[in-house]
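Below is entry_10.txt, holding compact mmCIF, C-alpha atoms.
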# COMPACT_ATOMS: atom_id res chain seq x y z
CA MET C 225 0.00 0.00 0.00
CA PRO C 226 1.44 3.44 -0.83
CA VAL C 227 2.30 5.73 2.05
CA GLN C 228 -0.46 8.24 2.86
CA PHE C 229 1.73 11.15 4.07
CA THR C 230 4.94 12.93 3.19
CA VAL C 231 7.43 13.38 6.04
CA ASP C 232 6.42 17.05 6.38
CA GLU C 233 2.71 16.18 6.41
CA MET C 234 3.26 13.54 9.11
CA ASN C 235 5.27 15.93 11.30
CA ALA C 236 2.48 18.53 10.92
CA PHE C 237 -0.15 15.87 11.77
CA LEU C 238 1.73 14.90 14.95
CA ASP C 239 2.02 18.57 15.96
CA GLU C 240 -1.71 19.02 15.39
CA ILE C 241 -3.00 16.00 17.32
CA PHE C 242 -0.29 15.86 20.03
CA PRO C 243 0.59 19.52 20.73
CA GLN C 244 2.01 18.51 24.13
CA ILE C 245 4.97 16.78 22.40
CA LYS C 246 5.46 19.29 19.58
CA GLY C 247 9.06 19.35 18.43
CA GLN C 248 10.19 16.38 20.53
CA PHE C 249 9.46 13.51 18.11
CA ILE C 250 10.62 14.10 14.53
CA VAL C 251 9.77 11.90 11.54
CA GLU C 252 12.87 11.69 9.36
CA GLN C 253 11.77 9.01 6.90
CA LEU C 254 8.41 7.44 6.08
CA ASP C 255 7.67 4.83 3.46
CA ASP C 256 5.46 1.80 2.91
CA THR C 257 7.68 -0.40 5.12
CA GLY C 258 7.88 1.86 8.20
CA THR C 259 9.55 4.97 9.55
CA VAL C 260 12.73 6.42 11.00
CA MET C 261 12.15 8.87 13.86
CA ARG C 262 14.18 10.95 16.27
CA LEU C 263 13.53 11.83 19.89
CA ARG C 264 15.34 15.05 20.78
CA ILE C 265 16.82 14.21 24.16
CA ASN C 266 16.85 16.88 26.85
CA ASP C 267 17.03 16.87 30.66
CA THR C 268 13.38 15.80 30.99
CA HIS C 269 14.27 12.46 29.36
CA LEU C 270 17.12 11.59 31.72
CA ARG C 271 17.17 9.46 34.84
CA PRO C 272 19.77 9.11 37.60
CA GLY C 273 22.94 7.49 36.34
CA GLY C 274 23.23 9.65 33.25
CA THR C 275 21.03 7.68 30.90
CA VAL C 276 17.80 8.09 28.97
CA SER C 277 14.80 6.85 30.94
CA GLY C 278 12.83 3.74 30.04
CA PRO C 279 9.58 5.72 29.70
CA SER C 280 11.26 8.02 27.14
CA MET C 281 12.47 5.02 25.13
CA PHE C 282 9.01 3.45 25.34
CA ALA C 283 7.42 6.70 24.15
CA LEU C 284 9.66 6.84 21.08
CA ALA C 285 8.87 3.21 20.21
CA ASP C 286 5.15 3.84 20.65
CA VAL C 287 5.12 7.02 18.55
CA ALA C 288 7.17 5.31 15.82
CA ALA C 289 4.66 2.44 15.64
CA TYR C 290 1.82 4.98 15.51
CA VAL C 291 3.51 6.89 12.67
CA ALA C 292 4.25 3.70 10.71
CA THR C 293 0.59 2.69 11.07
CA MET C 294 -0.80 6.14 10.17
CA GLY C 295 1.48 6.19 7.14
CA GLN C 296 -0.51 3.26 5.79
CA ILE C 297 -4.05 3.93 6.98
CA GLY C 298 -4.20 7.73 6.79
CA LYS C 299 -5.56 10.13 9.40
CA GLN C 300 -7.18 7.86 11.95
CA ALA C 301 -6.00 9.55 15.11
CA LEU C 302 -7.94 7.15 17.36
CA ALA C 303 -5.79 4.10 16.59
CA VAL C 304 -4.54 2.85 19.96
CA THR C 305 -1.81 0.62 21.34
CA THR C 306 -3.22 -2.79 22.30
CA GLY C 307 0.00 -4.69 22.91
CA CYS C 308 3.61 -3.92 23.53
CA SER C 309 6.88 -5.40 24.64
CA ILE C 310 10.25 -3.76 25.03
CA ASP C 311 13.70 -5.15 25.77
CA PHE C 312 16.29 -2.71 27.12
CA MET C 313 19.67 -3.99 25.90
CA ARG C 314 22.26 -1.22 26.35
CA LYS C 315 22.59 2.08 28.18
CA PRO C 316 21.70 4.93 25.80
CA GLU C 317 23.99 7.94 25.81
CA ALA C 318 22.51 10.88 27.73
CA GLY C 319 23.81 13.55 25.35
CA LYS C 320 22.65 11.84 22.16
CA ASP C 321 19.25 11.84 20.49
CA LEU C 322 17.46 8.51 20.22
CA ILE C 323 16.69 7.14 16.76
CA ALA C 324 13.87 4.65 16.11
CA LYS C 325 13.84 2.41 13.06
CA ALA C 326 10.33 1.00 12.85
CA THR C 327 9.34 -1.76 10.44
CA LEU C 328 5.73 -2.70 9.81
CA LEU C 329 5.39 -6.47 10.12
CA LYS C 330 1.64 -6.63 9.44
CA ILE C 331 -1.03 -4.14 8.52
CA GLY C 332 -4.58 -5.43 8.41
CA LYS C 333 -8.12 -4.12 8.73
CA ALA C 334 -8.13 -4.28 12.53
CA LEU C 335 -4.49 -4.50 13.68
CA SER C 336 -1.00 -3.41 12.79
CA VAL C 337 2.17 -4.95 14.22
CA THR C 338 5.45 -3.03 14.18
CA ASP C 339 9.00 -3.97 15.18
CA ILE C 340 11.12 -1.07 16.45
CA LEU C 341 14.86 -0.85 17.09
CA LEU C 342 16.11 2.12 19.12
CA TYR C 343 19.63 3.52 18.80
CA SER C 344 21.69 6.26 20.41
CA GLU C 345 22.51 8.64 17.59
CA GLY C 346 25.74 7.63 15.85
CA LYS C 347 25.90 4.14 17.40
CA SER C 348 25.44 0.91 15.43
CA ASP C 349 24.20 -1.33 18.25
CA PRO C 350 20.57 -0.94 19.34
CA VAL C 351 19.83 0.15 22.90
CA ALA C 352 16.34 -1.36 22.89
CA ARG C 353 13.95 -3.45 20.81
CA SER C 354 10.18 -3.22 20.91
CA THR C 355 7.14 -4.78 19.27
CA MET C 356 3.92 -2.76 19.24
CA THR C 357 0.43 -3.78 18.17
CA TYR C 358 -2.10 -1.10 17.27
CA SER C 359 -5.85 -1.46 17.01
CA ILE C 360 -7.15 0.29 13.91
CA PRO C 361 -10.62 1.80 14.32
CA PRO C 362 -13.30 0.63 11.87
CA ARG C 363 -13.90 3.04 9.00
Go ahead and express the file in the form of structure tokens.
Amino acid sequence: MPVQFTVDEMNAFLDEIFPQIKGQFIVEQLDDTGTVMRLRINDTHLRPGGTVSGPSMFALADVAAYVATMGQIGKQALAVTTGCSIDFMRKPEAGKDLIAKATLLKIGKALSVTDILLYSEGKSDPVARSTMTYSIPPR
């Protein structure tokens, strides 16, 4: 299925429906297989020990799955997470943005399933891996 948004259109859509996170989550690439996104890390994302918090990593994975799904189904803002798992594998670097590489594994009428790898910017080994399932509202 062809992608329903350009990168700029998706970033504008996120700003419109989630104004509370405006400018934090940036879509860098969007195609029919998934998305690449960035979380701009700042002090609010850090935890003791000089690392990015688990909730911040989870949020990036969740938003990336949402964007990958919206890219295929269009503006259906009420799609919701119905399942998730996340494995934290390495300590992300506090001064580096997080990058999500999300790959759609399945997109159907009712569900989408996305695999997400998270990286500290500039590093080749992932810091976390997540699988997210989204419920797609009926049209």
List the neighbours of range 270-278 of chain C out to 6 Å using all atoms listed in the file; skip same-chain residues closer than 6 positions along the sequence, and give me the result as number ranges by chain.
C: 316-318
Just C-alpha atoms for this one: save the residues we selected as a JSON list (two decimals), in the frame of the given file.
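What follows is the written file out08.json:
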[["chain", "number", "residue", "atom", "x", "y", "z"],
["C", 316, "PRO", "CA", 21.70, 4.93, 25.80],
["C", 317, "GLU", "CA", 23.99, 7.94, 25.81],
["C", 318, "ALA", "CA", 22.51, 10.88, 27.73]]
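Between Ile331 in chain C and the candidates C:Asp311, C:Asp232, C:Asp256, C:Asp286, the tightest atom-to-atom separation, counting all atoms listed in the file, involves C:Asp256.
By chain and then residue number, the residues within 8 Å of Val337 in chain C are Ala289, Leu328, Leu329, Lys330, Ile331, Thr355, Met356, Thr357 and Tyr358 of chain C, counting all atoms listed in the file and disregarding those fewer than 5 positions away in sequence.
For the atom pair formed by CA of Arg262 in chain C and CA of Phe249 in chain C, the distance is 5.7 Å, given to one decimal.
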May I ask which of the residues C:Thr259, C:Thr230, C:Asn266, C:Ser354 is the closest one to Gly319 in chain C, counting only C-alpha atoms?
C:Asn266
How many Å separate CA of His269 in chain C from CA of Ile340 in chain C?
19.0 Å
Residue with the minimum atom-to-atom distance to Glu252 in chain C, picked from C:Asp239, C:Ile323, C:Gln228, C:Lys315 with all atoms listed in the file counted, is C:Ile323
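Proximity ranking of C:Gly307, C:Pro362, C:Gly298, C:Gly258 relative to Ala324 in chain C places C:Gly258 first, based on all atoms listed in the file.
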For Phe229 in chain C, find every residue with an atom within 10 Å (counting only C-alpha atoms), except residues of its own chain fewer than 6 positions away, and show them as number ranges by chain.
C: 235, 237, 254-255, 291, 294-299
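Minimum atom-to-atom distances from C:Val351, C:Leu238, C:Met225, C:Ile360 to Met281 in chain C were compared using all atoms listed in the file, and the lowest value belongs to C:Val351.
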Which value, in Å to one decimal, gives the distance between CA of Gly247 in chain C and CA of Ser280 in chain C?
14.5 Å
Give the answer as one residue: which of C:Glu240, C:Asp339, C:Asp349, C:Asp321 has the shortest atom-to-atom distance to Met261 in chain C, using all atoms listed in the file?
C:Asp321
